[in-house]
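Right, one structure below, let's go through it.
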Amino acid sequence: MLTAYDATMARLLDRAGIDVLLVGDSLGTVILGCDTTLPVTLDAIVHHTRAVKNGTNRALIVADMPFLTYQVSAAETVRNAGRLLQKGGAAAVKMEGGAAIADMVKRLVAIGIPVMGHVGLTPQSVHQLGGFRSFGKRPEEAEKVAEDARQLERAGAFAVVLESVPSSLAAAVTAELKIPTIGIGAGPDCDGQVLVSYDAFGLFDAFVPKFVKQYAKLGEVITEAAKEYIAEVQSGQFPGPEHSSR
Ligand code: KIV
């Protein structure tokens, strides 16, 4: 699984054979330039999910439910998740939290909306956690991650993201659950892996988490290409005869 926020990136990743495209609320940081994911709105995720849908033929599209779109009431949760499917074109939604949102997950699943869970470091709770930090090293935190994952499975979630948890904990949760786990900063023993595409391709370099592998350095490629373009326009080399209409 990789994140995508626009049709062009979705087309490239879909062509590469990615199984799942996540329209993550990480768009708040990597696309909108915010410090956290908290300012991301439902309208923004609907807008970007529609773009990703337009570029995708094959991959499963999962849309993140932003902060406060699934905590207030069951009615609002259903309406908001429904919009992500109906207007955005997603096939499933992702929600952060475990026991605290299990009833909402159950409700969505009961009416036919597939839900992916997300436990461990849940970035929408950054202020409660005291920063973006790994979660689950202390025994009580590890038990919370395991119990939250169990409750999500019981509520009908079809998969669960484990973010920034110790590898041994991720391995134990993966062995216990029947649904697939998808790890990010959670070691090699999860059933699947996810990365933020802007991290994986070296586009977002404001902060590179330790668990990220940069499969390309597209940020550098783009900056170099832009410098070349600027120089060629300034020197008059571009547009030359081959790029001009007669
Ligand atoms: O918003 C996001 O991109 C995510 C992934 C990091 C799992 O939730």
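Letters A, B, ... go to the chains of the structure tokens in the order shown; residues in each chain start at 1; ligands are counted from 1 in the same order.
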Tell me, as an NGL selection string, which residues lie within 10 Å of Glu147 in chain A, counting only C-alpha atoms; anything in the same chain fewer than 3 positions away does not count. :A and (98-99 or 119 or 141-144 or 150-153 or 173)
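Neighbouring residues of ligand 1 at a cut-off of 6 Å, counting only C-alpha atoms and all ligand atoms, are Thr3, Gly24, Asp25, Ser26 and Val196 of chain A.
Minimum distance to Leu218 in chain A across A:Pro139, A:Ser235, A:Ser197, A:Gly112 (counting only C-alpha atoms) occurs at A:Ser197.
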Could you give me, as JSON, numbers by chain, the residues within 10 Å of Gly131 in chain A, counting only C-alpha atoms and dropping anything in the same chain fewer than 4 positions from it? {"A": [36, 121, 123, 125, 126, 127]}
Contacts of Leu169 in chain A at 10 Å (only C-alpha atoms; same-chain gap of 6+ positions) as a ChimeraX atom specification: /A:136-137,142-143,145-146,162,175,186-187,189
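Take the candidates A:Arg11, A:Lys94, A:Arg83, A:His118 and check each one against Gly55 in chain A using only C-alpha atoms; the shortest distance goes to A:Arg11.
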